[in-house]
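Raw contents of data-v9.txt, compact mmCIF, C-alpha atoms:
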# COMPACT_ATOMS: atom_id res chain seq x y z
CA MET R 1 0.00 0.00 0.00
CA GLN R 2 2.88 2.38 0.71
CA ALA R 3 4.10 1.86 -2.86
CA LEU R 4 0.61 2.65 -4.14
CA TYR R 5 0.38 5.84 -2.10
CA ALA R 6 3.86 6.85 -3.25
CA GLN R 7 2.83 6.48 -6.89
CA LEU R 8 -0.36 8.44 -6.23
CA LEU R 9 1.77 11.26 -4.78
CA VAL R 10 4.05 11.18 -7.81
CA GLY R 11 0.94 11.27 -10.01
CA LEU R 12 -0.43 14.30 -8.15
CA ILE R 13 2.88 16.13 -8.52
CA ASN R 14 3.05 15.37 -12.24
CA GLY R 15 -0.60 16.36 -12.47
CA SER R 16 0.25 19.72 -10.89
CA PHE R 17 2.76 20.42 -13.65
CA TYR R 18 0.36 19.13 -16.32
CA ALA R 19 -2.39 21.37 -14.97
CA LEU R 20 -0.26 24.53 -14.85
CA LEU R 21 1.22 23.97 -18.29
CA SER R 22 -2.05 22.95 -19.94
CA LEU R 23 -3.77 25.90 -18.26
CA GLY R 24 -1.28 28.27 -19.88
CA LEU R 25 -1.81 26.57 -23.22
CA ALA R 26 -5.59 26.76 -22.82
CA VAL R 27 -5.44 30.48 -21.97
CA ILE R 28 -3.29 31.22 -25.02
CA PHE R 29 -5.35 29.10 -27.40
CA GLY R 30 -8.72 30.10 -25.97
CA MET R 31 -7.95 33.83 -26.00
CA LEU R 32 -5.50 34.15 -28.92
CA ASN R 33 -6.17 31.05 -31.10
CA ILE R 34 -2.43 30.25 -31.08
CA ILE R 35 -1.16 26.68 -30.64
CA ASN R 36 1.90 27.56 -28.57
CA PHE R 37 4.45 24.80 -29.16
CA ALA R 38 7.13 26.94 -27.46
CA HIS R 39 5.40 26.34 -24.11
CA GLY R 40 7.81 23.58 -23.05
CA ALA R 41 10.86 25.74 -23.82
CA LEU R 42 9.39 28.63 -21.81
CA TYR R 43 8.71 26.23 -18.92
CA MET R 44 12.40 25.34 -19.08
CA MET R 45 13.33 29.03 -19.15
CA GLY R 46 11.39 29.58 -15.92
CA ALA R 47 13.47 26.90 -14.21
CA PHE R 48 16.72 28.40 -15.54
CA VAL R 49 15.78 31.93 -14.46
CA ALA R 50 15.14 30.58 -10.94
CA TYR R 51 18.52 28.81 -11.08
CA PHE R 52 20.31 32.01 -12.11
CA LEU R 53 18.56 34.01 -9.40
CA LEU R 54 19.68 31.49 -6.78
CA ASN R 55 23.29 31.03 -7.91
CA ASN R 56 24.19 34.50 -9.18
CA ASP R 57 26.83 36.18 -7.01
CA TYR R 58 25.13 39.57 -7.30
CA LEU R 59 21.48 38.56 -6.96
CA SER R 60 21.11 35.26 -5.08
CA ILE R 61 17.55 36.12 -4.11
CA GLY R 62 16.51 32.53 -3.42
CA TYR R 63 13.46 30.40 -4.13
CA TRP R 64 10.62 32.53 -2.77
CA PRO R 65 11.34 35.72 -4.75
CA ALA R 66 12.01 33.52 -7.80
CA LEU R 67 8.37 32.33 -7.65
CA ILE R 68 7.41 35.91 -8.53
CA VAL R 69 10.41 37.16 -10.52
CA ALA R 70 10.89 34.19 -12.89
CA PRO R 71 7.29 34.16 -14.25
CA ILE R 72 7.46 37.94 -14.74
CA VAL R 73 10.81 37.76 -16.60
CA VAL R 74 9.69 34.90 -18.85
CA GLY R 75 6.28 36.53 -19.28
CA ILE R 76 7.98 39.71 -20.55
CA PHE R 77 10.04 37.58 -22.93
CA GLY R 78 6.81 35.98 -24.16
CA MET R 79 5.19 39.39 -24.68
CA ILE R 80 8.19 40.46 -26.79
CA LEU R 81 7.72 37.30 -28.88
CA GLU R 82 4.05 38.10 -29.33
CA ARG R 83 4.69 41.71 -30.33
CA THR R 84 7.54 40.95 -32.74
CA MET R 85 6.40 37.66 -34.31
CA LEU R 86 3.09 36.14 -33.32
CA GLN R 87 0.90 39.20 -33.87
CA TRP R 88 1.57 39.00 -37.62
CA LEU R 89 -0.14 35.60 -37.74
CA THR R 90 -3.56 36.97 -36.76
CA GLY R 91 -6.17 35.60 -39.15
CA PHE R 92 -3.92 32.87 -40.52
CA ASP R 93 -4.44 29.14 -40.11
CA HIS R 94 -3.40 27.59 -36.76
CA LEU R 95 -0.67 25.64 -38.55
CA TYR R 96 1.41 28.79 -39.07
CA GLY R 97 1.44 29.59 -35.37
CA LEU R 98 2.31 26.00 -34.51
CA LEU R 99 5.24 25.96 -36.93
CA LEU R 100 6.54 29.34 -35.76
CA THR R 101 6.37 28.46 -32.06
CA PHE R 102 7.92 25.04 -32.78
CA GLY R 103 10.84 26.83 -34.41
CA ILE R 104 11.13 29.21 -31.44
CA ALA R 105 11.19 26.20 -29.09
CA LEU R 106 14.02 24.56 -31.05
CA ILE R 107 16.05 27.78 -31.01
CA VAL R 108 15.59 28.39 -27.28
CA GLN R 109 16.37 24.78 -26.37
CA GLY R 110 19.38 24.76 -28.70
CA VAL R 111 20.84 27.92 -27.14
CA PHE R 112 20.50 26.60 -23.59
CA GLN R 113 21.80 23.17 -24.56
CA ASN R 114 24.83 24.74 -26.25
CA TYR R 115 25.77 26.64 -23.10
CA PHE R 116 24.76 24.19 -20.38
CA GLY R 117 24.80 20.76 -22.04
CA SER R 118 22.15 18.11 -21.47
CA SER R 119 22.90 17.16 -17.87
CA GLY R 120 20.78 18.50 -15.03
CA LEU R 121 21.79 21.33 -12.71
CA PRO R 122 20.85 20.85 -9.04
CA TYR R 123 18.41 23.26 -7.42
CA ALA R 124 18.11 23.09 -3.64
CA ILE R 125 14.79 22.79 -1.84
CA PRO R 126 14.21 25.91 0.32
CA ASP R 127 14.96 25.34 4.01
CA GLN R 128 11.38 26.08 5.02
CA LEU R 129 10.08 23.20 2.87
CA LYS R 130 12.64 20.51 3.68
CA GLY R 131 11.76 17.34 5.54
CA GLY R 132 8.45 15.54 5.59
CA MET R 133 5.38 14.54 7.56
CA ASN R 134 4.35 11.07 8.66
CA LEU R 135 0.67 10.72 7.76
CA GLY R 136 0.45 7.21 9.19
CA PHE R 137 -0.21 5.51 5.87
CA MET R 138 2.70 7.24 4.07
CA PHE R 139 5.57 9.71 4.46
CA LEU R 140 4.80 13.00 2.69
CA PRO R 141 7.75 15.23 1.71
CA VAL R 142 6.78 18.80 2.59
CA TYR R 143 7.98 20.30 -0.69
CA ARG R 144 5.94 17.91 -2.81
CA GLY R 145 2.82 18.62 -0.79
CA TRP R 146 3.48 22.35 -1.24
CA VAL R 147 3.74 21.93 -5.02
CA VAL R 148 0.34 20.22 -5.23
CA VAL R 149 -1.47 22.75 -3.01
CA PHE R 150 0.14 25.84 -4.53
CA SER R 151 -0.49 24.64 -8.10
CA LEU R 152 -4.15 24.03 -7.33
CA ILE R 153 -4.51 27.52 -5.81
CA VAL R 154 -2.87 29.18 -8.84
CA CYS R 155 -5.03 27.19 -11.28
CA LEU R 156 -8.27 28.09 -9.51
CA ALA R 157 -7.23 31.75 -9.20
CA THR R 158 -6.52 31.88 -12.94
CA TRP R 159 -9.88 30.27 -13.72
CA TYR R 160 -11.63 32.85 -11.53
CA LEU R 161 -9.75 35.70 -13.22
CA ILE R 162 -10.71 34.56 -16.72
CA GLU R 163 -14.26 33.41 -16.07
CA LYS R 164 -15.62 35.55 -13.22
CA THR R 165 -14.03 39.03 -13.36
CA ARG R 166 -14.60 42.07 -15.56
CA LEU R 167 -11.04 41.81 -16.90
CA GLY R 168 -11.72 38.23 -17.96
CA ALA R 169 -14.92 39.35 -19.67
CA TYR R 170 -12.95 41.97 -21.60
CA LEU R 171 -10.42 39.31 -22.64
CA ARG R 172 -13.11 36.93 -23.88
CA ALA R 173 -14.92 39.72 -25.69
CA ALA R 174 -11.70 40.90 -27.32
CA THR R 175 -11.15 37.47 -28.85
CA GLU R 176 -14.73 37.04 -30.08
CA ASN R 177 -15.42 40.57 -31.40
CA PRO R 178 -12.27 42.77 -31.30
CA THR R 179 -13.82 45.51 -33.46
CA LEU R 180 -16.70 46.06 -31.04
CA VAL R 181 -14.36 46.03 -28.02
CA ARG R 182 -12.13 48.67 -29.67
CA ALA R 183 -15.23 50.84 -30.07
CA PHE R 184 -15.47 50.97 -26.25
CA GLY R 185 -11.93 52.40 -26.06
CA ILE R 186 -10.16 49.19 -24.99
CA ASN R 187 -6.67 48.56 -26.35
CA VAL R 188 -7.19 45.07 -27.80
CA PRO R 189 -3.59 44.44 -29.00
CA ARG R 190 -2.28 45.27 -25.52
CA MET R 191 -4.77 42.88 -23.93
CA ILE R 192 -3.74 40.12 -26.33
CA THR R 193 -0.07 40.70 -25.49
CA LEU R 194 -0.77 40.61 -21.75
CA THR R 195 -2.79 37.42 -22.17
CA TYR R 196 0.09 35.71 -23.93
CA GLY R 197 2.40 36.92 -21.16
CA LEU R 198 0.01 35.41 -18.58
CA GLY R 199 -0.01 32.03 -20.30
CA VAL R 200 3.77 32.01 -20.63
CA GLY R 201 4.15 33.12 -17.00
CA LEU R 202 2.13 30.10 -15.86
CA ALA R 203 4.56 27.84 -17.74
CA ALA R 204 7.53 29.60 -16.09
CA LEU R 205 5.91 29.21 -12.66
CA ALA R 206 5.62 25.47 -13.28
CA GLY R 207 9.32 25.47 -14.18
CA VAL R 208 10.28 27.11 -10.88
CA LEU R 209 8.17 24.59 -8.93
CA SER R 210 9.71 21.72 -10.88
CA ALA R 211 13.35 22.77 -10.47
CA PRO R 212 13.99 21.23 -7.00
CA ILE R 213 12.26 17.97 -8.03
CA ASN R 214 13.42 17.34 -11.59
CA GLN R 215 16.62 19.45 -11.69
CA VAL R 216 17.18 22.16 -14.30
CA ARG R 217 17.81 20.79 -17.81
CA PRO R 218 17.60 22.37 -21.28
CA LEU R 219 15.34 19.55 -22.51
CA MET R 220 13.06 19.33 -19.47
CA GLY R 221 10.26 21.03 -21.42
CA ALA R 222 10.64 18.74 -24.44
CA ASP R 223 9.92 15.75 -22.17
CA LEU R 224 6.56 17.20 -21.10
CA ILE R 225 5.12 19.20 -23.97
CA ILE R 226 3.59 16.29 -25.93
CA VAL R 227 1.84 14.95 -22.82
CA VAL R 228 0.61 18.46 -21.98
CA PHE R 229 -0.85 18.86 -25.46
CA ALA R 230 -2.65 15.55 -24.95
CA VAL R 231 -4.04 16.90 -21.66
CA VAL R 232 -5.33 20.03 -23.41
CA VAL R 233 -6.96 17.98 -26.18
CA ILE R 234 -8.67 15.67 -23.68
CA GLY R 235 -9.93 18.56 -21.57
CA GLY R 236 -11.05 20.56 -24.59
CA MET R 237 -8.97 23.08 -26.55
CA GLY R 238 -9.29 26.45 -24.87
CA SER R 239 -11.25 25.12 -21.86
CA ILE R 240 -9.77 26.57 -18.66
CA MET R 241 -11.49 24.32 -16.12
CA GLY R 242 -11.14 21.32 -18.44
CA SER R 243 -7.35 21.74 -18.47
CA ILE R 244 -7.18 21.98 -14.67
CA ILE R 245 -9.35 18.93 -13.99
CA THR R 246 -7.80 16.84 -16.75
CA GLY R 247 -4.24 17.76 -15.74
CA PHE R 248 -4.63 16.57 -12.15
CA ALA R 249 -6.78 13.56 -13.13
CA LEU R 250 -4.35 12.29 -15.76
CA GLY R 251 -1.44 12.69 -13.35
CA VAL R 252 -3.25 10.43 -10.87
CA ILE R 253 -4.20 7.95 -13.61
CA GLU R 254 -0.58 7.86 -14.76
CA GLY R 255 0.55 7.20 -11.18
CA LEU R 256 -1.95 4.36 -10.77
CA THR R 257 -0.85 2.86 -14.07
CA LYS R 258 2.78 2.89 -12.90
CA TYR R 259 1.72 0.82 -9.90
CA PHE R 260 -0.61 -1.70 -11.57
CA TYR R 261 0.90 -1.96 -15.08
CA PRO R 262 4.18 0.04 -15.39
CA GLU R 263 4.69 -0.89 -19.06
CA ALA R 264 1.67 1.22 -20.05
CA SER R 265 2.47 4.30 -17.94
CA ASN R 266 4.07 6.19 -20.83
CA THR R 267 1.18 5.59 -23.21
CA VAL R 268 -1.94 5.65 -21.03
CA VAL R 269 -2.44 9.40 -21.58
CA PHE R 270 -2.43 8.99 -25.36
CA VAL R 271 -4.74 5.96 -25.22
CA LEU R 272 -7.19 8.05 -23.21
CA MET R 273 -6.85 10.89 -25.71
CA VAL R 274 -7.77 8.58 -28.59
CA LEU R 275 -10.76 7.20 -26.69
CA VAL R 276 -12.04 10.67 -25.75
CA LEU R 277 -11.65 11.97 -29.32
CA LEU R 278 -13.57 8.96 -30.66
CA VAL R 279 -16.49 9.69 -28.32
CA LYS R 280 -16.34 13.49 -28.14
CA PRO R 281 -13.98 15.19 -30.63
CA SER R 282 -14.25 18.57 -28.89
CA GLY R 283 -12.84 17.16 -25.63
CA LEU R 284 -14.50 16.48 -22.29
CA THR R 285 -15.46 20.10 -21.57
CA GLY R 286 -14.84 21.73 -24.94
CA ARG R 287 -17.56 23.23 -27.11
CA ALA R 288 -18.19 21.89 -30.58
CA ALA R 289 -17.14 24.24 -33.35

Exercise: express the given structure as structure tokens:
Amino acid sequence: MQALYAQLLVGLINGSFYALLSLGLAVIFGMLNIINFAHGALYMMGAFVAYFLLNNDYLSIGYWPALIVAPIVVGIFGMILERTMLQWLTGFDHLYGLLLTFGIALIVQGVFQNYFGSSGLPYAIPDQLKGGMNLGFMFLPVYRGWVVVFSLIVCLATWYLIEKTRLGAYLRAATENPTLVRAFGINVPRMITLTYGLGVGLAALAGVLSAPINQVRPLMGADLIIVVFAVVVIGGMGSIMGSIITGFALGVIEGLTKYFYPEASNTVVFVLMVLVLLVKPSGLTGRAA
């Protein structure tokens, strides 16, 4: 039973990363209609920014400030990408955005791999989150429990921002009828840029949370991005709550599969994606076109 609980914990942690990354993808696709294949590379950049902030002789600001600074830095980088490249693809087929962001991902990963190689760089767990708690039925490392709880809070806060606030209503309206929204004096291009920055910032935040668990590697995003796309497709392209629920659920399902039938753990997500698409092509919570 302890082995089962351990795999469930691993599944919840992976589900936290899946949820944060797929949430960023859903925000970008749902608001901007861009299939952002650079998401994994920007997740990796978040981890590297946190690493630089911790190990730089002049900064060394540690883990807690990095939770705020790294998403902002990577988010600004994402906004520059949107302003200089992605905005010119408005009105084009989704394939163009996918190819462009795929090229950006290869460039970013190649640059980091050239300078840092393929091996992982260690990132220390903050002192406040070291150790663990004995729950009776299992031993829970404090940092891993923190990752699950914090990820869930961020996901729900993002859902509330998009779905329940006036700002979120402006964002949704700007994607559905930008001409009408401009007539009310709202700067639609700026809102689109900020939305892309928000989605990218969520990926960077996942990178910071992942750094003490998975180490910091140039290809850490490439290992996750295909699974995250499968999560988004299952939940429904552009569905905020669908991405959150599906991310955590598939992490748990993956953990259970590792316990009962380890050989299928790497493919169970894609099998589920095929089954869902056969029954409901728009995803579990997506709307039909």

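Minimum distance to Gly199 of chain R across R:Gly247, R:Gly97, R:Pro71, R:Gly236 (counting only C-alpha atoms) occurs at R:Pro71.
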
Listing only residues of segment 166-282 of chain R within 12 Å of segment 105-108 of chain R, what is the closest atom pair and its distance in Å (to one decimal) for each, using only C-alpha atoms, sorted by chain and residue number ascending, as a tab-separated table?
residue	atom	partner	partner_atom	distance
R:Pro218	CA	R:Val108	CA	8.7
R:Leu219	CA	R:Leu106	CA	10.0
R:Met220	CA	R:Ala105	CA	12.0
R:Gly221	CA	R:Ala105	CA	9.3
R:Ala222	CA	R:Ala105	CA	8.8
R:Ile225	CA	R:Ala105	CA	10.6

What does the file look like for those residues with C-alpha atoms, as a PDB file, in the frame of the given file?
ATOM      1  CA  PRO R 218      17.600  22.370 -21.280  1.00  0.00           C
ATOM      2  CA  LEU R 219      15.340  19.550 -22.510  1.00  0.00           C
ATOM      3  CA  MET R 220      13.060  19.330 -19.470  1.00  0.00           C
ATOM      4  CA  GLY R 221      10.260  21.030 -21.420  1.00  0.00           C
ATOM      5  CA  ALA R 222      10.640  18.740 -24.440  1.00  0.00           C
ATOM      6  CA  ILE R 225       5.120  19.200 -23.970  1.00  0.00           C
TER       7      ILE R 225
END

Practice item. Can you work out the spacing between atom CA of Val111 of chain R and atom CA of Thr193 of chain R in Å, to one decimal? Key: 24.6 Å

Practice item. To one decimal in Å, tell me the separation between atom CA of Leu135 of chain R and atom CA of Val147 of chain R. Key: 17.3 Å

With the cut-off set at 12 Å and counting all atoms listed in the file, tabulate each residue of segment 100-209 of chain R with an atom at most that distance from an atom of segment 3-7 of chain R, showing the nearest atom pair and its distance in Å to one decimal, ordered by chain and increasing number, as a Markdown table.
| residue | atom | partner | partner_atom | distance |
| --- | --- | --- | --- | --- |
| R:Leu135 | CA | R:Tyr5 | CA | 11.0 |
| R:Gly136 | CA | R:Tyr5 | CA | 11.4 |
| R:Phe137 | CA | R:Tyr5 | CA | 8.0 |
| R:Met138 | CA | R:Tyr5 | CA | 6.7 |
| R:Phe139 | CA | R:Ala6 | CA | 8.4 |
| R:Leu140 | CA | R:Ala6 | CA | 8.6 |
| R:Pro141 | CA | R:Ala6 | CA | 10.5 |
| R:Arg144 | CA | R:Ala6 | CA | 11.3 |

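Taking atom CA of Ser16 of chain R and atom CA of Val148 of chain R as endpoints, the distance between them is 5.7 Å.
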
**Study point:** Selected residue, from R:Phe29, R:Phe270, R:Tyr18, R:Tyr63, that lies nearest to Val208 of chain R when counting only C-alpha atoms
**Key:** R:Tyr63

Practice item. Can you pull out every residue within 12 Å of Leu53 of chain R, counting only C-alpha atoms, but drop anything in the same chain fewer than 2 positions away, and send it as a VMD selection string? Key: chain R and resid 46 to 51 55 to 70 73 123 208

Check your understanding: Skipping near chain neighbours, those fewer than 3 positions away, what residues fall within 10 Å of Gly255 of chain R using only C-alpha atoms, listed as a PyMOL selection string?
Key -> chain R and resi 4-15+249-252+258-262+265

Review point. Excluding same-chain residues fewer than 6 positions from Ala173 of chain R, what lies within 12 Å of it counting all atoms listed in the file, as a PyMOL selection string?
Key: chain R and resi 30-32+162-163+166-167+179-184+186+188+191-192

Point to revise | From R:Phe248, R:Phe37, R:Tyr160, R:Phe17, residue lying nearest Leu95 of chain R [all atoms listed in the file] | key: R:Phe37

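Comparing R:Pro212, R:Gly283, R:Pro122, R:Gly110 by their smallest distance to Ser243 of chain R, the closest is R:Gly283 (using only C-alpha atoms).
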
Check your understanding: What lies within 9 Å of Gly24 of chain R using only C-alpha atoms, ignoring chain neighbours under 5 positions off, as a PyMOL selection string?
Key -> chain R and resi 19+29+39+196+198-203+240

Expected file: the selected residues, C-alpha atoms, as a short mmCIF file (atom, residue, chain, number, x, y, z; two decimals), in the frame of the given file:
data_model
loop_
_atom_site.label_atom_id
_atom_site.label_comp_id
_atom_site.auth_asym_id
_atom_site.auth_seq_id
_atom_site.Cartn_x
_atom_site.Cartn_y
_atom_site.Cartn_z
CA ALA R 19 -2.39 21.37 -14.97
CA PHE R 29 -5.35 29.10 -27.40
CA HIS R 39 5.40 26.34 -24.11
CA TYR R 196 0.09 35.71 -23.93
CA LEU R 198 0.01 35.41 -18.58
CA GLY R 199 -0.01 32.03 -20.30
CA VAL R 200 3.77 32.01 -20.63
CA GLY R 201 4.15 33.12 -17.00
CA LEU R 202 2.13 30.10 -15.86
CA ALA R 203 4.56 27.84 -17.74
CA ILE R 240 -9.77 26.57 -18.66
#

Could you pull the residues within 10 Å of Leu81 of chain R, counting all atoms listed in the file, minus those fewer than 2 positions along the same chain, as an mmCIF file with C-alpha atoms, in the coordinates of the input?
data_model
loop_
_atom_site.group_PDB
_atom_site.id
_atom_site.type_symbol
_atom_site.label_atom_id
_atom_site.label_comp_id
_atom_site.auth_asym_id
_atom_site.auth_seq_id
_atom_site.Cartn_x
_atom_site.Cartn_y
_atom_site.Cartn_z
ATOM 1 C CA GLY R 75 6.280 36.530 -19.280
ATOM 2 C CA ILE R 76 7.980 39.710 -20.550
ATOM 3 C CA PHE R 77 10.040 37.580 -22.930
ATOM 4 C CA GLY R 78 6.810 35.980 -24.160
ATOM 5 C CA MET R 79 5.190 39.390 -24.680
ATOM 6 C CA ARG R 83 4.690 41.710 -30.330
ATOM 7 C CA THR R 84 7.540 40.950 -32.740
ATOM 8 C CA MET R 85 6.400 37.660 -34.310
ATOM 9 C CA LEU R 86 3.090 36.140 -33.320
ATOM 10 C CA GLN R 87 0.900 39.200 -33.870
ATOM 11 C CA THR R 101 6.370 28.460 -32.060
ATOM 12 C CA ILE R 104 11.130 29.210 -31.440
ATOM 13 C CA THR R 193 -0.070 40.700 -25.490
ATOM 14 C CA TYR R 196 0.090 35.710 -23.930
ATOM 15 C CA GLY R 197 2.400 36.920 -21.160
#
